[in-house]
>>> print(open('my_file03.cif').read())   # mmCIF, N, CA and C atoms
data_data
loop_
_atom_site.label_atom_id
_atom_site.label_comp_id
_atom_site.auth_asym_id
_atom_site.auth_seq_id
_atom_site.Cartn_x
_atom_site.Cartn_y
_atom_site.Cartn_z
N MET A 21 -35.34 -12.32 11.12
CA MET A 21 -35.33 -13.48 10.23
C MET A 21 -33.92 -13.66 9.68
N SER A 22 -33.49 -14.90 9.57
CA SER A 22 -32.19 -15.16 8.96
C SER A 22 -32.35 -15.24 7.45
N VAL A 23 -31.29 -15.51 6.76
CA VAL A 23 -31.31 -15.54 5.30
C VAL A 23 -32.23 -16.66 4.81
N SER A 24 -33.00 -16.36 3.79
CA SER A 24 -33.92 -17.32 3.19
C SER A 24 -33.16 -18.44 2.48
N HIS A 25 -33.85 -19.55 2.28
CA HIS A 25 -33.27 -20.67 1.54
C HIS A 25 -32.96 -20.23 0.10
N VAL A 26 -33.78 -19.33 -0.45
CA VAL A 26 -33.57 -18.78 -1.78
C VAL A 26 -33.34 -17.28 -1.64
N THR A 27 -32.26 -16.79 -2.24
CA THR A 27 -32.00 -15.35 -2.29
C THR A 27 -31.76 -14.97 -3.75
N THR A 28 -31.76 -13.66 -4.01
CA THR A 28 -31.51 -13.20 -5.36
C THR A 28 -30.74 -11.89 -5.34
N HIS A 29 -30.22 -11.55 -6.48
CA HIS A 29 -29.43 -10.33 -6.67
C HIS A 29 -29.66 -9.91 -8.11
N ILE A 30 -30.00 -8.64 -8.34
CA ILE A 30 -30.25 -8.17 -9.70
C ILE A 30 -29.24 -7.09 -10.06
N LEU A 31 -28.56 -7.30 -11.17
CA LEU A 31 -27.65 -6.30 -11.71
C LEU A 31 -28.21 -5.75 -13.01
N ASP A 32 -28.32 -4.43 -13.09
CA ASP A 32 -28.73 -3.77 -14.32
C ASP A 32 -27.46 -3.66 -15.16
N THR A 33 -27.32 -4.53 -16.14
CA THR A 33 -26.08 -4.60 -16.91
C THR A 33 -25.91 -3.42 -17.86
N THR A 34 -27.00 -2.75 -18.20
CA THR A 34 -26.89 -1.56 -19.04
C THR A 34 -26.30 -0.40 -18.26
N ALA A 35 -26.76 -0.24 -17.02
CA ALA A 35 -26.29 0.86 -16.18
C ALA A 35 -25.01 0.51 -15.44
N GLY A 36 -24.72 -0.79 -15.34
CA GLY A 36 -23.52 -1.22 -14.62
C GLY A 36 -23.63 -1.06 -13.12
N ARG A 37 -24.85 -1.25 -12.59
CA ARG A 37 -25.06 -1.11 -11.15
C ARG A 37 -26.22 -2.01 -10.71
N PRO A 38 -26.37 -2.18 -9.39
CA PRO A 38 -27.50 -2.97 -8.89
C PRO A 38 -28.84 -2.35 -9.29
N ALA A 39 -29.82 -3.20 -9.52
CA ALA A 39 -31.18 -2.75 -9.80
C ALA A 39 -31.90 -2.60 -8.46
N VAL A 40 -32.17 -1.37 -8.07
CA VAL A 40 -32.75 -1.07 -6.76
C VAL A 40 -34.27 -0.97 -6.86
N GLY A 41 -34.97 -1.54 -5.88
CA GLY A 41 -36.41 -1.39 -5.77
C GLY A 41 -37.23 -2.30 -6.67
N VAL A 42 -36.65 -3.38 -7.14
CA VAL A 42 -37.40 -4.32 -7.98
C VAL A 42 -38.20 -5.26 -7.08
N ALA A 43 -39.49 -5.34 -7.31
CA ALA A 43 -40.35 -6.26 -6.57
C ALA A 43 -40.09 -7.69 -7.04
N VAL A 44 -39.95 -8.61 -6.07
CA VAL A 44 -39.66 -10.01 -6.36
C VAL A 44 -40.62 -10.87 -5.53
N VAL A 45 -41.15 -11.91 -6.16
CA VAL A 45 -42.06 -12.85 -5.50
C VAL A 45 -41.49 -14.25 -5.62
N LEU A 46 -41.49 -15.00 -4.52
CA LEU A 46 -41.10 -16.42 -4.52
C LEU A 46 -42.36 -17.25 -4.44
N GLU A 47 -42.48 -18.21 -5.36
CA GLU A 47 -43.65 -19.08 -5.40
C GLU A 47 -43.23 -20.54 -5.44
N ALA A 48 -44.11 -21.41 -4.96
CA ALA A 48 -43.90 -22.86 -5.00
C ALA A 48 -45.00 -23.48 -5.84
N ARG A 49 -44.63 -24.48 -6.63
CA ARG A 49 -45.64 -25.20 -7.40
C ARG A 49 -46.34 -26.19 -6.48
N ASP A 50 -47.67 -26.14 -6.51
CA ASP A 50 -48.50 -27.06 -5.74
C ASP A 50 -49.49 -27.66 -6.72
N GLY A 51 -49.12 -28.79 -7.32
CA GLY A 51 -49.95 -29.38 -8.37
C GLY A 51 -49.90 -28.51 -9.61
N ASP A 52 -51.07 -28.00 -10.00
CA ASP A 52 -51.16 -27.16 -11.19
C ASP A 52 -51.17 -25.67 -10.88
N VAL A 53 -51.00 -25.30 -9.62
CA VAL A 53 -51.06 -23.88 -9.25
C VAL A 53 -49.76 -23.45 -8.57
N TRP A 54 -49.52 -22.16 -8.58
CA TRP A 54 -48.37 -21.57 -7.90
C TRP A 54 -48.87 -20.87 -6.65
N VAL A 55 -48.18 -21.10 -5.54
CA VAL A 55 -48.54 -20.52 -4.24
C VAL A 55 -47.43 -19.58 -3.81
N GLN A 56 -47.80 -18.35 -3.47
CA GLN A 56 -46.80 -17.38 -3.04
C GLN A 56 -46.29 -17.72 -1.65
N LEU A 57 -44.95 -17.76 -1.52
CA LEU A 57 -44.31 -18.05 -0.23
C LEU A 57 -43.72 -16.80 0.41
N GLY A 58 -43.36 -15.84 -0.40
CA GLY A 58 -42.73 -14.64 0.13
C GLY A 58 -42.55 -13.61 -0.96
N SER A 59 -42.22 -12.40 -0.52
CA SER A 59 -41.97 -11.33 -1.48
C SER A 59 -41.06 -10.29 -0.83
N GLY A 60 -40.49 -9.47 -1.67
CA GLY A 60 -39.62 -8.41 -1.19
C GLY A 60 -39.22 -7.52 -2.34
N SER A 61 -38.38 -6.56 -2.05
CA SER A 61 -37.84 -5.65 -3.07
C SER A 61 -36.34 -5.60 -2.91
N THR A 62 -35.67 -5.41 -4.01
CA THR A 62 -34.21 -5.34 -3.96
C THR A 62 -33.75 -4.10 -3.20
N ASP A 63 -32.69 -4.27 -2.42
CA ASP A 63 -32.13 -3.18 -1.62
C ASP A 63 -31.13 -2.37 -2.44
N ALA A 64 -30.41 -1.50 -1.79
CA ALA A 64 -29.45 -0.62 -2.48
C ALA A 64 -28.35 -1.40 -3.18
N ASP A 65 -28.12 -2.65 -2.78
CA ASP A 65 -27.12 -3.50 -3.41
C ASP A 65 -27.76 -4.44 -4.44
N GLY A 66 -29.06 -4.26 -4.70
CA GLY A 66 -29.77 -5.11 -5.66
C GLY A 66 -30.12 -6.49 -5.12
N ARG A 67 -30.08 -6.67 -3.81
CA ARG A 67 -30.28 -7.99 -3.21
C ARG A 67 -31.59 -8.09 -2.43
N VAL A 68 -32.12 -9.31 -2.39
CA VAL A 68 -33.23 -9.66 -1.51
C VAL A 68 -32.78 -10.88 -0.73
N LYS A 69 -32.55 -10.70 0.57
CA LYS A 69 -32.07 -11.79 1.42
C LYS A 69 -33.18 -12.45 2.21
N GLU A 70 -34.23 -11.71 2.50
CA GLU A 70 -35.36 -12.24 3.26
C GLU A 70 -36.55 -12.36 2.33
N LEU A 71 -36.57 -13.45 1.59
CA LEU A 71 -37.56 -13.62 0.54
C LEU A 71 -38.59 -14.69 0.85
N GLY A 72 -38.27 -15.59 1.72
CA GLY A 72 -39.19 -16.68 2.03
C GLY A 72 -38.65 -17.48 3.19
N PRO A 73 -39.13 -18.69 3.33
CA PRO A 73 -38.73 -19.53 4.46
C PRO A 73 -37.22 -19.83 4.48
N GLU A 74 -36.73 -20.12 5.67
CA GLU A 74 -35.32 -20.50 5.83
C GLU A 74 -35.04 -21.86 5.20
N ARG A 75 -36.04 -22.73 5.14
CA ARG A 75 -35.88 -24.05 4.54
C ARG A 75 -37.07 -24.33 3.63
N LEU A 76 -36.79 -24.94 2.49
CA LEU A 76 -37.82 -25.33 1.54
C LEU A 76 -37.76 -26.83 1.31
N ALA A 77 -38.91 -27.40 1.03
CA ALA A 77 -38.96 -28.81 0.64
C ALA A 77 -38.47 -28.94 -0.80
N SER A 78 -38.07 -30.12 -1.18
CA SER A 78 -37.69 -30.36 -2.57
C SER A 78 -38.89 -30.11 -3.46
N GLY A 79 -38.64 -29.52 -4.64
CA GLY A 79 -39.74 -29.27 -5.56
C GLY A 79 -39.44 -28.14 -6.52
N ALA A 80 -40.47 -27.74 -7.24
CA ALA A 80 -40.35 -26.66 -8.23
C ALA A 80 -40.72 -25.33 -7.60
N TYR A 81 -39.92 -24.32 -7.87
CA TYR A 81 -40.13 -22.97 -7.34
C TYR A 81 -39.95 -21.97 -8.47
N ARG A 82 -40.45 -20.77 -8.24
CA ARG A 82 -40.37 -19.73 -9.25
C ARG A 82 -40.11 -18.38 -8.57
N LEU A 83 -39.24 -17.61 -9.18
CA LEU A 83 -39.04 -16.21 -8.80
C LEU A 83 -39.65 -15.36 -9.91
N ARG A 84 -40.48 -14.40 -9.52
CA ARG A 84 -41.06 -13.46 -10.49
C ARG A 84 -40.53 -12.06 -10.16
N PHE A 85 -39.97 -11.40 -11.16
CA PHE A 85 -39.37 -10.08 -11.01
C PHE A 85 -40.23 -9.07 -11.78
N ASP A 86 -40.63 -7.98 -11.14
CA ASP A 86 -41.42 -6.94 -11.79
C ASP A 86 -40.48 -5.97 -12.51
N THR A 87 -39.94 -6.42 -13.62
CA THR A 87 -38.96 -5.64 -14.37
C THR A 87 -39.61 -4.45 -15.09
N GLY A 88 -40.87 -4.58 -15.44
CA GLY A 88 -41.56 -3.48 -16.12
C GLY A 88 -41.63 -2.23 -15.26
N ALA A 89 -42.00 -2.39 -14.00
CA ALA A 89 -42.07 -1.24 -13.09
C ALA A 89 -40.69 -0.65 -12.84
N TYR A 90 -39.67 -1.51 -12.74
CA TYR A 90 -38.31 -1.02 -12.54
C TYR A 90 -37.89 -0.12 -13.70
N PHE A 91 -38.05 -0.61 -14.94
CA PHE A 91 -37.62 0.18 -16.09
C PHE A 91 -38.48 1.42 -16.27
N ALA A 92 -39.78 1.33 -16.00
CA ALA A 92 -40.63 2.52 -16.08
C ALA A 92 -40.16 3.57 -15.08
N GLY A 93 -39.73 3.12 -13.91
CA GLY A 93 -39.26 4.04 -12.88
C GLY A 93 -37.98 4.77 -13.23
N ILE A 94 -37.21 4.22 -14.17
CA ILE A 94 -35.98 4.91 -14.60
C ILE A 94 -36.14 5.42 -16.05
N ASN A 95 -37.42 5.54 -16.48
CA ASN A 95 -37.75 6.10 -17.80
C ASN A 95 -37.02 5.40 -18.94
N THR A 96 -37.08 4.06 -18.91
CA THR A 96 -36.42 3.26 -19.94
C THR A 96 -37.43 2.29 -20.55
N ASP A 97 -37.55 2.31 -21.88
CA ASP A 97 -38.39 1.33 -22.56
C ASP A 97 -37.76 -0.04 -22.39
N ALA A 98 -38.61 -1.05 -22.22
CA ALA A 98 -38.11 -2.41 -22.04
C ALA A 98 -39.05 -3.41 -22.68
N PHE A 99 -38.52 -4.53 -23.07
CA PHE A 99 -39.28 -5.57 -23.76
C PHE A 99 -39.99 -6.52 -22.79
N PHE A 100 -39.38 -6.83 -21.66
CA PHE A 100 -39.92 -7.81 -20.72
C PHE A 100 -40.57 -7.10 -19.53
N PRO A 101 -41.90 -7.11 -19.41
CA PRO A 101 -42.54 -6.48 -18.25
C PRO A 101 -42.36 -7.30 -16.98
N GLU A 102 -42.05 -8.58 -17.16
CA GLU A 102 -41.82 -9.47 -16.02
C GLU A 102 -40.84 -10.54 -16.45
N VAL A 103 -40.00 -10.96 -15.51
CA VAL A 103 -39.13 -12.12 -15.73
C VAL A 103 -39.53 -13.16 -14.70
N ALA A 104 -39.80 -14.38 -15.18
CA ALA A 104 -40.16 -15.49 -14.29
C ALA A 104 -39.13 -16.60 -14.49
N LEU A 105 -38.48 -16.97 -13.39
CA LEU A 105 -37.46 -18.02 -13.42
C LEU A 105 -37.95 -19.21 -12.61
N THR A 106 -38.09 -20.35 -13.26
CA THR A 106 -38.53 -21.57 -12.61
C THR A 106 -37.32 -22.47 -12.42
N PHE A 107 -37.19 -23.04 -11.23
CA PHE A 107 -36.02 -23.85 -10.91
C PHE A 107 -36.40 -24.93 -9.91
N ALA A 108 -35.55 -25.94 -9.82
CA ALA A 108 -35.78 -27.07 -8.91
C ALA A 108 -34.93 -26.91 -7.66
N VAL A 109 -35.53 -27.20 -6.52
CA VAL A 109 -34.83 -27.14 -5.23
C VAL A 109 -34.71 -28.55 -4.68
N ASP A 110 -33.54 -28.86 -4.19
CA ASP A 110 -33.28 -30.09 -3.44
C ASP A 110 -33.15 -29.68 -1.98
N ALA A 111 -34.03 -30.16 -1.14
CA ALA A 111 -34.05 -29.76 0.27
C ALA A 111 -32.72 -30.00 0.97
N GLU A 112 -31.90 -30.91 0.45
CA GLU A 112 -30.62 -31.21 1.07
C GLU A 112 -29.58 -30.11 0.83
N GLN A 113 -29.81 -29.28 -0.16
CA GLN A 113 -28.89 -28.18 -0.46
C GLN A 113 -29.11 -27.05 0.54
N ALA A 114 -28.04 -26.48 1.05
CA ALA A 114 -28.13 -25.48 2.11
C ALA A 114 -28.73 -24.16 1.65
N HIS A 115 -28.46 -23.75 0.40
CA HIS A 115 -28.86 -22.42 -0.02
C HIS A 115 -28.92 -22.35 -1.54
N TYR A 116 -29.84 -21.56 -2.06
CA TYR A 116 -29.93 -21.30 -3.49
C TYR A 116 -29.88 -19.79 -3.70
N HIS A 117 -28.90 -19.34 -4.46
CA HIS A 117 -28.79 -17.93 -4.83
C HIS A 117 -29.04 -17.87 -6.33
N VAL A 118 -30.08 -17.11 -6.73
CA VAL A 118 -30.49 -17.06 -8.13
C VAL A 118 -30.39 -15.62 -8.62
N PRO A 119 -29.22 -15.22 -9.14
CA PRO A 119 -29.04 -13.86 -9.63
C PRO A 119 -29.73 -13.64 -10.98
N LEU A 120 -30.04 -12.38 -11.24
CA LEU A 120 -30.60 -11.97 -12.53
C LEU A 120 -29.74 -10.85 -13.09
N LEU A 121 -29.22 -11.06 -14.28
CA LEU A 121 -28.48 -10.03 -15.01
C LEU A 121 -29.47 -9.46 -16.01
N LEU A 122 -29.75 -8.16 -15.89
CA LEU A 122 -30.90 -7.57 -16.56
C LEU A 122 -30.51 -6.38 -17.43
N SER A 123 -31.11 -6.31 -18.61
CA SER A 123 -31.03 -5.13 -19.46
C SER A 123 -32.42 -4.94 -20.06
N PRO A 124 -32.70 -3.82 -20.72
CA PRO A 124 -34.05 -3.58 -21.22
C PRO A 124 -34.56 -4.61 -22.23
N PHE A 125 -33.65 -5.27 -22.95
CA PHE A 125 -34.08 -6.19 -23.99
C PHE A 125 -33.50 -7.59 -23.88
N ALA A 126 -32.91 -7.91 -22.73
CA ALA A 126 -32.35 -9.24 -22.52
C ALA A 126 -32.15 -9.49 -21.03
N TYR A 127 -32.05 -10.76 -20.68
CA TYR A 127 -31.69 -11.12 -19.31
C TYR A 127 -31.02 -12.49 -19.33
N SER A 128 -30.26 -12.77 -18.28
CA SER A 128 -29.71 -14.10 -18.09
C SER A 128 -29.63 -14.37 -16.60
N THR A 129 -29.44 -15.62 -16.28
CA THR A 129 -29.39 -16.03 -14.88
C THR A 129 -28.46 -17.24 -14.75
N TYR A 130 -28.20 -17.60 -13.53
CA TYR A 130 -27.38 -18.76 -13.23
C TYR A 130 -27.61 -19.11 -11.77
N ARG A 131 -27.13 -20.27 -11.35
CA ARG A 131 -27.18 -20.60 -9.93
C ARG A 131 -25.90 -20.08 -9.30
N GLY A 132 -26.05 -19.12 -8.43
CA GLY A 132 -24.91 -18.54 -7.76
C GLY A 132 -24.59 -19.27 -6.46
N SER A 133 -23.74 -18.65 -5.68
CA SER A 133 -23.38 -19.25 -4.40
C SER A 133 -23.51 -18.24 -3.28
#
>>> encode(input="my_file03.cif", output="structure tokens")
Amino acid sequence: MSVSHVTTHILDTTAGRPAVGVAVVLEARDGDVWVQLGSGSTDADGRVKELGPERLASGAYRLRFDTGAYFAGINTDAFFPEVALTFAVDAEQAHYHVPLLLSPFAYSTYRGS
């Protein structure tokens, strides 16, 4: 499989390194429900490149990150058991990279390249 239309990268900003082994789910909004399109786990570099289809239609999508399991696995208390990022996709855009900067009590994101 080639690179997905949507990819992600997670950096553990407290540890100053990639967040390895975080489960990530890509979903699409279909009316009032969310439909899972793909899933994966972050690799040694904190990246998920094969997360879903190579091309997506325009619409609303969501990435869900299992941050609770990640922090439990490194014996760290955390406030957010899950991070869900909802964003809009324009099918004309070639690629969407949605990084997550993560710490036990805060997170931020942006549209990367």
>>> residues_around(input="my_file03.cif", residues="Thr27 in chain A", least_positions_apart="2", cutoff="8 Å", atoms="only C-alpha atoms", output="list in words")
Val23, Ser24, His25, His29, Arg67, Val68, Lys69, Glu70, Leu71, Tyr116, His117 and Val118 of chain A
>>> atom_distance(input="my_file03.cif", atom1="atom N of Arg131 in chain A", atom2="atom C of Asp97 in chain A")
25.4 Å
>>> select_by_dssp(input="my_file03.cif", residues="range 52-105 of chain A", states="strand (DSSP E or B)", output="list of chain:residue names")
A:Val53, A:Trp54, A:Val55, A:Gln56, A:Leu57, A:Gly58, A:Ser59, A:Gly60, A:Ser61, A:Arg67, A:Val68, A:Gly79, A:Ala80, A:Tyr81, A:Arg82, A:Leu83, A:Arg84, A:Phe85, A:Val103, A:Ala104, A:Leu105
>>> residues_around(input="my_file03.cif", residues="Val55 in chain A", least_positions_apart="5", cutoff="12 Å", atoms="only C-alpha atoms", output="list in words")
Val45, Leu46, Glu47, Ala48, Arg49, Asp50, Gly72, Ala80, Tyr81, Arg82 and Leu83 of chain A
>>> resolve_selection(input="my_file03.cif", expression="the PyMOL selection byres ((chain A and resi 77) around 6.5)", output="ChimeraX atom specification")
/A:75-76,78-79,109-111
>>> residues_around(input="my_file03.cif", residues="Pro38 in chain A", least_positions_apart="3", cutoff="5 Å", atoms="all atoms listed in the file", output="MDAnalysis selection string")
chainID A and resid 30:32 65:66
>>> atom_distance(input="my_file03.cif", atom1="CA of Ala43 in chain A", atom2="atom N of Gln56 in chain A")
14.5 Å
>>> select_by_dssp(input="my_file03.cif", residues="range 24-120 of chain A", states="alpha helix (DSSP H)", output="list in words")
Thr87, Gly88, Ala89, Tyr90, Phe91, Ala92 and Gly93 of chain A
>>> atom_distance(input="my_file03.cif", atom1="CA of Ser128 in chain A", atom2="CA of Val103 in chain A")
9.9 Å
